[in-house]
file upload.cif (mmCIF, C-alpha atoms)
data_final
#
loop_
_atom_site.label_atom_id
_atom_site.label_comp_id
_atom_site.auth_asym_id
_atom_site.auth_seq_id
_atom_site.Cartn_x
_atom_site.Cartn_y
_atom_site.Cartn_z
CA ASP F 23 8.90 -5.37 15.90
CA VAL F 24 6.00 -3.43 14.45
CA LYS F 25 2.94 -5.44 13.60
CA VAL F 26 -0.36 -5.11 11.80
CA THR F 27 -2.58 -8.17 11.93
CA GLN F 28 -5.75 -8.99 10.03
CA SER F 29 -8.34 -11.41 11.34
CA SER F 30 -8.38 -13.78 8.36
CA ARG F 31 -6.06 -14.57 5.45
CA TYR F 32 -8.83 -16.14 3.37
CA LEU F 33 -12.58 -15.66 3.58
CA VAL F 34 -15.45 -17.01 1.49
CA LYS F 35 -18.89 -15.43 1.85
CA ARG F 36 -22.19 -15.52 -0.01
CA THR F 37 -23.88 -12.64 -1.77
CA GLY F 38 -25.93 -10.56 0.65
CA GLU F 39 -24.04 -11.59 3.78
CA LYS F 40 -22.68 -9.00 6.21
CA VAL F 41 -18.91 -9.28 6.37
CA PHE F 42 -16.53 -7.95 9.02
CA LEU F 43 -12.80 -7.58 8.37
CA GLU F 44 -10.77 -6.76 11.46
CA CYS F 45 -7.38 -5.08 11.68
CA VAL F 46 -5.26 -4.56 14.78
CA GLN F 47 -1.96 -2.67 15.12
CA ASP F 48 0.36 -2.66 18.10
CA MET F 49 2.37 0.47 17.29
CA ASP F 50 0.07 3.07 18.89
CA HIS F 51 -0.43 4.67 15.47
CA GLU F 52 -3.05 7.37 15.04
CA ASN F 53 -3.79 6.70 11.37
CA MET F 54 -5.33 3.54 9.95
CA PHE F 55 -6.37 2.71 6.41
CA TRP F 56 -8.30 0.12 4.41
CA TYR F 57 -7.38 -0.59 0.78
CA ARG F 58 -8.49 -3.07 -1.78
CA GLN F 59 -6.02 -4.48 -4.28
CA ASP F 60 -7.09 -5.69 -7.69
CA PRO F 61 -4.97 -6.76 -10.68
CA GLY F 62 -4.13 -3.83 -12.93
CA LEU F 63 -5.66 -1.31 -10.52
CA GLY F 64 -3.09 -1.30 -7.73
CA LEU F 65 -4.24 -0.22 -4.28
CA ARG F 66 -7.36 1.86 -3.92
CA LEU F 67 -8.24 3.57 -0.66
CA ILE F 68 -11.64 2.65 0.76
CA TYR F 69 -11.69 4.46 4.12
CA PHE F 70 -9.22 5.88 6.58
CA SER F 71 -9.23 7.11 10.14
CA TYR F 72 -7.05 9.70 11.85
CA ASP F 73 -8.26 8.99 15.37
CA VAL F 74 -10.65 6.98 17.45
CA LYS F 75 -14.25 7.38 16.29
CA MET F 76 -13.10 9.39 13.27
CA LYS F 77 -13.47 8.18 9.70
CA GLU F 78 -13.01 9.67 6.27
CA LYS F 79 -14.08 8.34 2.88
CA GLY F 80 -11.38 7.33 0.50
CA ASP F 81 -11.65 6.93 -3.26
CA ILE F 82 -14.07 3.98 -3.36
CA PRO F 83 -16.25 3.94 -0.20
CA GLU F 84 -19.47 2.75 -1.84
CA GLY F 85 -20.73 -0.51 -0.35
CA TYR F 86 -18.41 -0.28 2.67
CA SER F 87 -18.45 1.20 6.16
CA VAL F 88 -15.87 1.27 8.94
CA SER F 89 -15.66 1.39 12.71
CA ARG F 90 -12.88 2.60 14.99
CA GLU F 91 -13.90 2.29 18.62
CA LYS F 92 -10.36 1.75 19.92
CA LYS F 93 -7.09 3.22 18.73
CA GLU F 94 -5.54 -0.11 17.84
CA ARG F 95 -8.50 -1.59 15.95
CA PHE F 96 -10.05 -0.61 12.62
CA SER F 97 -12.87 -2.68 11.16
CA LEU F 98 -14.14 -2.77 7.59
CA ILE F 99 -17.76 -3.77 7.12
CA LEU F 100 -19.46 -4.95 3.95
CA GLU F 101 -23.13 -4.44 4.77
CA SER F 102 -24.37 -6.71 1.97
CA ALA F 103 -21.56 -8.46 0.14
CA SER F 104 -21.64 -8.56 -3.63
CA THR F 105 -19.53 -10.48 -6.15
CA ASN F 106 -17.77 -7.30 -7.29
CA GLN F 107 -16.33 -7.00 -3.78
CA THR F 108 -14.24 -10.12 -4.33
CA SER F 109 -10.74 -8.78 -3.81
CA MET F 110 -7.64 -8.63 -1.63
CA TYR F 111 -8.16 -6.27 1.32
CA LEU F 112 -5.16 -4.64 2.93
CA CYS F 113 -5.07 -2.77 6.22
CA ALA F 114 -2.32 -0.28 7.04
CA SER F 115 -1.38 2.07 9.84
CA SER F 116 0.94 5.05 10.21
CA PRO F 117 1.94 7.53 12.89
CA ARG F 118 0.65 11.07 12.67
CA LEU F 119 3.70 13.09 11.74
CA GLY F 120 4.26 16.64 10.68
CA GLY F 121 5.00 17.19 7.01
CA SER F 122 4.41 14.68 4.27
CA TYR F 123 6.70 11.84 5.28
CA ASN F 124 4.37 9.10 6.36
CA GLU F 125 5.45 5.49 5.95
CA GLN F 126 2.57 3.04 6.15
CA PHE F 127 2.83 -0.41 7.75
CA PHE F 128 0.73 -3.12 6.17
CA GLY F 129 -0.97 -6.26 7.35
CA PRO F 130 -0.71 -9.51 5.35
CA GLY F 131 -4.06 -9.01 3.64
CA THR F 132 -7.39 -10.83 3.54
CA ARG F 133 -8.40 -12.48 0.29
CA LEU F 134 -12.21 -12.28 0.20
CA THR F 135 -14.26 -14.28 -2.26
CA VAL F 136 -17.98 -13.52 -2.55
CA LEU F 137 -19.99 -16.26 -4.25
CA GLY L 1 -5.14 15.44 -7.51
CA ASP L 2 -2.05 13.39 -6.81
CA SER L 3 -1.19 10.49 -9.09
CA VAL L 4 1.59 7.98 -9.67
CA THR L 5 2.37 6.31 -12.99
CA GLN L 6 4.68 3.35 -13.19
CA MET L 7 5.69 1.11 -16.03
CA GLU L 8 3.49 -1.78 -16.97
CA GLY L 9 4.63 -5.26 -16.14
CA PRO L 10 5.37 -7.99 -15.93
CA VAL L 11 9.11 -7.55 -16.22
CA THR L 12 11.11 -10.74 -16.70
CA LEU L 13 14.87 -10.68 -16.18
CA SER L 14 17.65 -13.19 -15.88
CA GLU L 15 19.55 -13.40 -12.62
CA GLU L 16 22.31 -10.73 -12.34
CA ALA L 17 20.64 -8.47 -14.93
CA PHE L 18 20.21 -4.72 -14.38
CA LEU L 19 16.77 -3.57 -13.27
CA THR L 20 14.99 -0.29 -13.91
CA ILE L 21 11.34 0.30 -13.07
CA ASN L 22 10.14 3.73 -14.13
CA CYS L 23 7.92 5.89 -11.91
CA THR L 24 6.63 9.42 -12.46
CA TYR L 25 4.29 11.41 -10.28
CA THR L 26 1.97 14.39 -10.17
CA ALA L 27 1.52 16.26 -6.91
CA THR L 28 0.35 19.67 -5.78
CA GLY L 29 2.97 20.23 -3.09
CA TYR L 30 6.23 18.63 -2.02
CA PRO L 31 5.51 14.96 -1.43
CA SER L 32 7.64 12.22 0.02
CA LEU L 33 8.29 9.33 -2.35
CA PHE L 34 8.42 5.61 -1.63
CA TRP L 35 8.96 2.23 -3.17
CA TYR L 36 7.08 -0.64 -1.55
CA VAL L 37 7.57 -4.32 -2.32
CA GLN L 38 5.00 -7.12 -2.05
CA TYR L 39 6.31 -10.68 -1.98
CA PRO L 40 3.90 -13.48 -2.92
CA GLY L 41 1.20 -14.02 -0.31
CA GLU L 42 2.25 -11.05 1.81
CA GLY L 43 1.29 -7.44 2.45
CA LEU L 44 3.35 -4.49 1.28
CA GLN L 45 6.56 -3.50 3.00
CA LEU L 46 8.62 -0.37 2.59
CA LEU L 47 11.69 -0.86 0.40
CA LEU L 48 13.09 2.68 0.34
CA LYS L 49 12.07 6.31 0.64
CA ALA L 50 13.13 9.87 -0.18
CA THR L 51 11.66 12.93 1.47
CA LYS L 52 13.00 15.83 -0.60
CA ALA L 53 14.41 16.65 -4.03
CA ASP L 54 17.77 15.04 -4.92
CA ASP L 55 17.55 12.61 -1.99
CA LYS L 56 18.59 9.06 -2.84
CA GLY L 57 16.86 6.21 -1.08
CA SER L 58 18.60 2.85 -0.93
CA ASN L 59 18.06 -0.58 0.60
CA LYS L 60 19.01 -4.19 -0.23
CA GLY L 61 20.91 -3.04 -3.33
CA PHE L 62 17.95 -1.05 -4.69
CA GLU L 63 18.23 2.70 -5.27
CA ALA L 64 15.96 5.54 -6.35
CA THR L 65 16.62 9.28 -6.64
CA TYR L 66 13.94 11.96 -6.10
CA ARG L 67 14.06 14.06 -9.29
CA LYS L 68 11.86 17.12 -8.92
CA GLU L 69 12.70 18.52 -12.36
CA THR L 70 11.43 15.39 -14.12
CA THR L 71 8.91 14.41 -11.37
CA SER L 72 10.42 10.92 -11.34
CA PHE L 73 11.56 8.30 -8.84
CA HIS L 74 12.87 5.38 -10.88
CA LEU L 75 13.86 2.17 -9.08
CA GLU L 76 17.20 0.55 -10.02
CA LYS L 77 19.26 -2.44 -9.00
CA GLY L 78 22.54 -3.43 -10.53
CA SER L 79 22.19 -7.21 -10.24
CA VAL L 80 18.86 -8.84 -9.49
CA GLN L 81 18.40 -12.17 -7.75
CA VAL L 82 15.63 -14.76 -7.93
CA SER L 83 14.60 -13.67 -4.43
CA ASP L 84 13.78 -10.18 -5.80
CA SER L 85 10.77 -11.62 -7.64
CA ALA L 86 7.84 -9.61 -6.31
CA VAL L 87 5.46 -6.76 -7.13
CA TYR L 88 6.92 -3.27 -6.73
CA PHE L 89 4.76 -0.22 -5.99
CA CYS L 90 5.81 3.39 -6.37
CA ALA L 91 3.97 5.76 -4.03
CA LEU L 92 3.85 9.35 -2.86
CA SER L 93 2.68 10.82 0.43
CA GLU L 94 1.03 14.16 1.05
CA ASP L 95 -1.14 15.23 3.99
CA GLN L 96 -1.03 11.89 5.83
CA LYS L 97 -2.33 9.93 2.82
CA VAL L 98 -0.45 7.78 0.35
CA THR L 99 -1.17 7.44 -3.37
CA PHE L 100 0.06 4.23 -4.99
CA GLY L 101 0.93 3.29 -8.54
CA THR L 102 -0.61 0.19 -10.07
CA GLY L 103 2.41 -2.00 -9.34
CA THR L 104 5.01 -3.70 -11.52
CA LYS L 105 5.49 -7.44 -11.28
CA LEU L 106 9.12 -8.53 -11.51
CA GLN L 107 10.06 -12.12 -12.26
CA VAL L 108 13.72 -13.11 -12.09
CA ILE L 109 14.65 -16.40 -13.68
CA PRO L 110 17.81 -18.38 -12.85
#

call {"tool": "encode", "arguments": {"input": "upload.cif", "output": "structure tokens"}}
result
Amino acid sequence: DVKVTQSSRYLVKRTGEKVFLECVQDMDHENMFWYRQDPGLGLRLIYFSYDVKMKEKGDIPEGYSVSREKKERFSLILESASTNQTSMYLCASSPRLGGSYNEQFFGPGTRLTVL
Amino acid sequence: GDSVTQMEGPVTLSEEAFLTINCTYTATGYPSLFWYVQYPGEGLQLLLKATKADDKGSNKGFEATYRKETTSFHLEKGSVQVSDSAVYFCALSEDQKVTFGTGTKLQVIP
């Protein structure tokens, strides 16, 4: 059974703290993604990675960075957390396929609150 | 760029009612289309998909048909159950990336 796991379901941090969100997939997928989900805004792509050590900015990368040192692991880093980064963070992975068909597999999400 | 527009929620239905959630898209090429579902407290999971025009995706009683002429992919179910209460996301995929709609919350009451 395919699986994407995220390190925490709930996280509370203080403004200015450095925050690490970890995501691991066991499907040997090439592609990995970080989204944030906010009411009324749906899912917005923060960063994605097509391969180890590769990263690409998504639609809202400001205030975030990522790291992909191993194929199965994709980390999202908030260098200095701010209250407007309070959100649900979703990690996803997908295989690299030809054409446009590209189902993504999601983790359960991390609900981050920044005080 | 690509975009997905889906109907605003929340949608409240009685059990056994007919469901339609509208979805239209804008894309530069020939995308694949998806419906994802998010149950409370969980991540998204794929509900159904269609990869080319006139394809019909179906799963768990839900159906959607890829309509290229109207750029639509409306989700339907003939008889909803309380267990279908969730948030539904329409999405399209081009070039390894997925663009999501804003989601439609469905509440089914007994």

call {"tool": "closest_atom_pairs", "arguments": {"input": "upload.cif", "of": "segment 43-110 of chain F", "to": "segment 33-50 of chain L", "cutoff": "12 Å", "atoms": "all atoms listed in the file", "output": "CSV"}}
result
residue,atom,partner,partner_atom,distance
F:Tyr57,CA,L:Gly43,CA,11.2
F:Arg58,CA,L:Gly43,CA,11.5
F:Gln59,CA,L:Gly43,CA,10.4
F:Gly64,CA,L:Gln38,CA,11.5
F:Leu65,CA,L:Leu44,CA,10.3
F:Met110,CA,L:Gly43,CA,9.9

call {"tool": "write_last_selection", "arguments": {"input": "upload.cif", "atoms": "C-alpha atoms", "output": "PDB file, keeping the file's coordinate frame"}}
result
ATOM      1  CA  TYR F  57      -7.380  -0.590   0.780  1.00  0.00           C
ATOM      2  CA  ARG F  58      -8.490  -3.070  -1.780  1.00  0.00           C
ATOM      3  CA  GLN F  59      -6.020  -4.480  -4.280  1.00  0.00           C
ATOM      4  CA  GLY F  64      -3.090  -1.300  -7.730  1.00  0.00           C
ATOM      5  CA  LEU F  65      -4.240  -0.220  -4.280  1.00  0.00           C
ATOM      6  CA  MET F 110      -7.640  -8.630  -1.630  1.00  0.00           C
TER       7      MET F 110
END

call {"tool": "residues_around", "arguments": {"input": "upload.cif", "residues": "segment 1-6 of chain L", "least_positions_apart": "2", "cutoff": "12 Å", "atoms": "all atoms listed in the file", "output": "PyMOL selection string"}}
result
(chain F and resi 62-66+81) or (chain L and resi 8-10+20-35+71-75+87-95+97-105)

call {"tool": "interface_residues", "arguments": {"input": "upload.cif", "of": "chain F", "to": "chain L", "cutoff": "10 Å", "atoms": "only C-alpha atoms", "output": "compact mmCIF listing (two decimals) with C-alpha atoms, in the frame of the given file"}}
result
# COMPACT_ATOMS: atom_id res chain seq x y z
CA VAL F 26 -0.36 -5.11 11.80
CA ARG F 31 -6.06 -14.57 5.45
CA ASN F 53 -3.79 6.70 11.37
CA PHE F 55 -6.37 2.71 6.41
CA GLN F 59 -6.02 -4.48 -4.28
CA ASP F 60 -7.09 -5.69 -7.69
CA PRO F 61 -4.97 -6.76 -10.68
CA GLY F 62 -4.13 -3.83 -12.93
CA LEU F 63 -5.66 -1.31 -10.52
CA GLY F 64 -3.09 -1.30 -7.73
CA LEU F 65 -4.24 -0.22 -4.28
CA ARG F 66 -7.36 1.86 -3.92
CA LEU F 67 -8.24 3.57 -0.66
CA PHE F 70 -9.22 5.88 6.58
CA TYR F 72 -7.05 9.70 11.85
CA GLY F 80 -11.38 7.33 0.50
CA MET F 110 -7.64 -8.63 -1.63
CA TYR F 111 -8.16 -6.27 1.32
CA LEU F 112 -5.16 -4.64 2.93
CA CYS F 113 -5.07 -2.77 6.22
CA ALA F 114 -2.32 -0.28 7.04
CA SER F 116 0.94 5.05 10.21
CA PRO F 117 1.94 7.53 12.89
CA ARG F 118 0.65 11.07 12.67
CA LEU F 119 3.70 13.09 11.74
CA GLY F 120 4.26 16.64 10.68
CA GLY F 121 5.00 17.19 7.01
CA SER F 122 4.41 14.68 4.27
CA TYR F 123 6.70 11.84 5.28
CA ASN F 124 4.37 9.10 6.36
CA GLU F 125 5.45 5.49 5.95
CA GLN F 126 2.57 3.04 6.15
CA PHE F 127 2.83 -0.41 7.75
CA PHE F 128 0.73 -3.12 6.17
CA GLY F 129 -0.97 -6.26 7.35
CA PRO F 130 -0.71 -9.51 5.35
CA GLY F 131 -4.06 -9.01 3.64
CA THR F 132 -7.39 -10.83 3.54
CA ARG F 133 -8.40 -12.48 0.29

call {"tool": "closest_residue", "arguments": {"input": "upload.cif", "among": "F:Glu39, F:Asp73, F:Glu44, F:Glu78", "to": "Leu98 of chain F", "atoms": "only C-alpha atoms"}}
result
F:Glu44

call {"tool": "closest_residue", "arguments": {"input": "upload.cif", "among": "F:Lys35, F:Lys25, F:Lys40, F:His51", "to": "Gly85 of chain F", "atoms": "only C-alpha atoms"}}
result
F:Lys40

call {"tool": "resolve_selection", "arguments": {"input": "upload.cif", "expression": "the PyMOL selection byres ((chain L and resi 60) around 10)", "output": "MDAnalysis selection string"}}
result
chainID L and resid 47:48 58:59 61:63 77 84

call {"tool": "atom_distance", "arguments": {"input": "upload.cif", "atom1": "atom CA of Glu84 of chain F", "atom2": "atom CA of Val136 of chain F"}}
result
16.4 Å

call {"tool": "atom_distance", "arguments": {"input": "upload.cif", "atom1": "atom CA of Asp48 of chain F", "atom2": "atom CA of Thr27 of chain F"}}
result
8.8 Å

call {"tool": "closest_residue", "arguments": {"input": "upload.cif", "among": "F:Leu33, F:Gln28, F:Phe42, F:Ser89", "to": "Glu101 of chain F", "atoms": "only C-alpha atoms"}}
result
F:Phe42

call {"tool": "resolve_selection", "arguments": {"input": "upload.cif", "expression": "the PyMOL selection byres ((chain L and resi 54) around 6)", "output": "PyMOL selection string"}}
result
chain L and resi 53+55+66-67

call {"tool": "resolve_selection", "arguments": {"input": "upload.cif", "expression": "the PyMOL selection byres ((chain F and resi 86) around 10)", "output": "mmCIF file with C-alpha atoms, in the coordinates of the input"}}
result
data_model
loop_
_atom_site.group_PDB
_atom_site.id
_atom_site.type_symbol
_atom_site.label_atom_id
_atom_site.label_comp_id
_atom_site.auth_asym_id
_atom_site.auth_seq_id
_atom_site.Cartn_x
_atom_site.Cartn_y
_atom_site.Cartn_z
ATOM 1 C CA VAL F 41 -18.910 -9.280 6.370
ATOM 2 C CA ILE F 68 -11.640 2.650 0.760
ATOM 3 C CA TYR F 69 -11.690 4.460 4.120
ATOM 4 C CA LYS F 79 -14.080 8.340 2.880
ATOM 5 C CA ILE F 82 -14.070 3.980 -3.360
ATOM 6 C CA PRO F 83 -16.250 3.940 -0.200
ATOM 7 C CA GLU F 84 -19.470 2.750 -1.840
ATOM 8 C CA GLY F 85 -20.730 -0.510 -0.350
ATOM 9 C CA SER F 87 -18.450 1.200 6.160
ATOM 10 C CA VAL F 88 -15.870 1.270 8.940
ATOM 11 C CA LEU F 98 -14.140 -2.770 7.590
ATOM 12 C CA ILE F 99 -17.760 -3.770 7.120
ATOM 13 C CA LEU F 100 -19.460 -4.950 3.950
ATOM 14 C CA GLU F 101 -23.130 -4.440 4.770
ATOM 15 C CA SER F 102 -24.370 -6.710 1.970
ATOM 16 C CA ALA F 103 -21.560 -8.460 0.140
ATOM 17 C CA GLN F 107 -16.330 -7.000 -3.780
#

call {"tool": "atom_distance", "arguments": {"input": "upload.cif", "atom1": "atom CA of Pro110 of chain L", "atom2": "atom CA of Glu16 of chain L"}}
result
8.9 Å

call {"tool": "axis_aligned_box", "arguments": {"input": "upload.cif", "around": "segment 76-94 of chain F", "padding_each_side": "4 Å", "output": "JSON"}}
result
{"center_x": -13.1, "center_y": 4.6, "center_z": 8.3, "size_x": 23.2, "size_y": 18.2, "size_z": 31.3}

call {"tool": "closest_residue", "arguments": {"input": "upload.cif", "among": "F:Phe96, F:Met54, F:Cys45, F:Ser71", "to": "Ser30 of chain F", "atoms": "all atoms listed in the file"}}
result
F:Cys45

call {"tool": "residues_near_point", "arguments": {"input": "upload.cif", "point": "(22.4, -12.3, -6.7)", "cutoff": "7 Å", "atoms": "all atoms listed in the file", "output": "NGL selection string"}}
result
:L and (15-16 or 79-81)

call {"tool": "build_atoms", "arguments": {"input": "upload.cif", "residues": "segment 44-71 of chain L", "atoms": "N, CA and C atoms", "output": "PDB file, keeping the file's coordinate frame"}}
result
ATOM      1  N   LEU L  44       2.285  -5.342   1.773  1.00  0.00           N
ATOM      2  CA  LEU L  44       3.350  -4.490   1.280  1.00  0.00           C
ATOM      3  C   LEU L  44       4.327  -4.156   2.404  1.00  0.00           C
ATOM      4  N   GLN L  45       5.578  -3.985   2.043  1.00  0.00           N
ATOM      5  CA  GLN L  45       6.560  -3.500   3.000  1.00  0.00           C
ATOM      6  C   GLN L  45       7.414  -2.431   2.335  1.00  0.00           C
ATOM      7  N   LEU L  46       7.845  -1.466   3.139  1.00  0.00           N
ATOM      8  CA  LEU L  46       8.620  -0.370   2.590  1.00  0.00           C
ATOM      9  C   LEU L  46       9.982  -0.866   2.138  1.00  0.00           C
ATOM     10  N   LEU L  47      10.376  -0.497   0.926  1.00  0.00           N
ATOM     11  CA  LEU L  47      11.690  -0.860   0.400  1.00  0.00           C
ATOM     12  C   LEU L  47      12.660   0.308   0.586  1.00  0.00           C
ATOM     13  N   LEU L  48      12.247   1.505   0.155  1.00  0.00           N
ATOM     14  CA  LEU L  48      13.090   2.680   0.340  1.00  0.00           C
ATOM     15  C   LEU L  48      12.239   3.930   0.224  1.00  0.00           C
ATOM     16  N   LYS L  49      12.826   5.056   0.638  1.00  0.00           N
ATOM     17  CA  LYS L  49      12.070   6.310   0.640  1.00  0.00           C
ATOM     18  C   LYS L  49      13.013   7.481   0.382  1.00  0.00           C
ATOM     19  N   ALA L  50      12.407   8.611  -0.034  1.00  0.00           N
ATOM     20  CA  ALA L  50      13.130   9.870  -0.180  1.00  0.00           C
ATOM     21  C   ALA L  50      12.154  10.990   0.158  1.00  0.00           C
ATOM     22  N   THR L  51      12.591  11.927   0.961  1.00  0.00           N
ATOM     23  CA  THR L  51      11.660  12.930   1.470  1.00  0.00           C
ATOM     24  C   THR L  51      11.813  14.296   0.819  1.00  0.00           C
ATOM     25  N   LYS L  52      12.892  14.533   0.071  1.00  0.00           N
ATOM     26  CA  LYS L  52      13.000  15.830  -0.600  1.00  0.00           C
ATOM     27  C   LYS L  52      13.816  15.668  -1.887  1.00  0.00           C
ATOM     28  N   ALA L  53      13.753  16.688  -2.713  1.00  0.00           N
ATOM     29  CA  ALA L  53      14.410  16.650  -4.030  1.00  0.00           C
ATOM     30  C   ALA L  53      15.889  16.338  -3.885  1.00  0.00           C
ATOM     31  N   ASP L  54      16.379  15.484  -4.800  1.00  0.00           N
ATOM     32  CA  ASP L  54      17.770  15.040  -4.920  1.00  0.00           C
ATOM     33  C   ASP L  54      18.182  14.015  -3.860  1.00  0.00           C
ATOM     34  N   ASP L  55      17.277  13.697  -2.933  1.00  0.00           N
ATOM     35  CA  ASP L  55      17.550  12.610  -1.990  1.00  0.00           C
ATOM     36  C   ASP L  55      17.643  11.293  -2.752  1.00  0.00           C
ATOM     37  N   LYS L  56      18.524  10.420  -2.298  1.00  0.00           N
ATOM     38  CA  LYS L  56      18.590   9.060  -2.840  1.00  0.00           C
ATOM     39  C   LYS L  56      18.215   8.095  -1.733  1.00  0.00           C
ATOM     40  N   GLY L  57      17.207   7.285  -2.000  1.00  0.00           N
ATOM     41  CA  GLY L  57      16.860   6.210  -1.080  1.00  0.00           C
ATOM     42  C   GLY L  57      17.538   4.932  -1.524  1.00  0.00           C
ATOM     43  N   SER L  58      17.951   4.102  -0.556  1.00  0.00           N
ATOM     44  CA  SER L  58      18.600   2.850  -0.930  1.00  0.00           C
ATOM     45  C   SER L  58      18.350   1.791   0.135  1.00  0.00           C
ATOM     46  N   ASN L  59      18.281   0.541  -0.310  1.00  0.00           N
ATOM     47  CA  ASN L  59      18.060  -0.580   0.600  1.00  0.00           C
ATOM     48  C   ASN L  59      18.198  -1.868  -0.188  1.00  0.00           C
ATOM     49  N   LYS L  60      18.872  -2.846   0.360  1.00  0.00           N
ATOM     50  CA  LYS L  60      19.010  -4.190  -0.230  1.00  0.00           C
ATOM     51  C   LYS L  60      19.526  -4.126  -1.657  1.00  0.00           C
ATOM     52  N   GLY L  61      20.353  -3.152  -1.991  1.00  0.00           N
ATOM     53  CA  GLY L  61      20.910  -3.040  -3.330  1.00  0.00           C
ATOM     54  C   GLY L  61      20.053  -2.239  -4.285  1.00  0.00           C
ATOM     55  N   PHE L  62      18.844  -1.885  -3.874  1.00  0.00           N
ATOM     56  CA  PHE L  62      17.950  -1.050  -4.690  1.00  0.00           C
ATOM     57  C   PHE L  62      18.232   0.428  -4.391  1.00  0.00           C
ATOM     58  N   GLU L  63      18.065   1.264  -5.425  1.00  0.00           N
ATOM     59  CA  GLU L  63      18.230   2.700  -5.270  1.00  0.00           C
ATOM     60  C   GLU L  63      17.173   3.447  -6.065  1.00  0.00           C
ATOM     61  N   ALA L  64      16.825   4.641  -5.579  1.00  0.00           N
ATOM     62  CA  ALA L  64      15.960   5.540  -6.350  1.00  0.00           C
ATOM     63  C   ALA L  64      16.274   6.959  -5.933  1.00  0.00           C
ATOM     64  N   THR L  65      16.302   7.887  -6.909  1.00  0.00           N
ATOM     65  CA  THR L  65      16.620   9.280  -6.640  1.00  0.00           C
ATOM     66  C   THR L  65      15.408  10.152  -6.929  1.00  0.00           C
ATOM     67  N   TYR L  66      15.081  11.029  -6.006  1.00  0.00           N
ATOM     68  CA  TYR L  66      13.940  11.960  -6.100  1.00  0.00           C
ATOM     69  C   TYR L  66      14.342  13.066  -7.071  1.00  0.00           C
ATOM     70  N   ARG L  67      13.762  13.067  -8.253  1.00  0.00           N
ATOM     71  CA  ARG L  67      14.060  14.060  -9.290  1.00  0.00           C
ATOM     72  C   ARG L  67      12.870  14.991  -9.450  1.00  0.00           C
ATOM     73  N   LYS L  68      12.990  16.178  -8.872  1.00  0.00           N
ATOM     74  CA  LYS L  68      11.860  17.120  -8.920  1.00  0.00           C
ATOM     75  C   LYS L  68      11.676  17.679 -10.319  1.00  0.00           C
ATOM     76  N   GLU L  69      12.792  17.892 -11.043  1.00  0.00           N
ATOM     77  CA  GLU L  69      12.700  18.520 -12.360  1.00  0.00           C
ATOM     78  C   GLU L  69      11.987  17.636 -13.384  1.00  0.00           C
ATOM     79  N   THR L  70      12.103  16.322 -13.199  1.00  0.00           N
ATOM     80  CA  THR L  70      11.430  15.390 -14.120  1.00  0.00           C
ATOM     81  C   THR L  70      10.266  14.680 -13.432  1.00  0.00           C
ATOM     82  N   THR L  71       9.944  15.050 -12.210  1.00  0.00           N
ATOM     83  CA  THR L  71       8.910  14.410 -11.370  1.00  0.00           C
ATOM     84  C   THR L  71       9.001  12.888 -11.482  1.00  0.00           C
TER      85      THR L  71
END
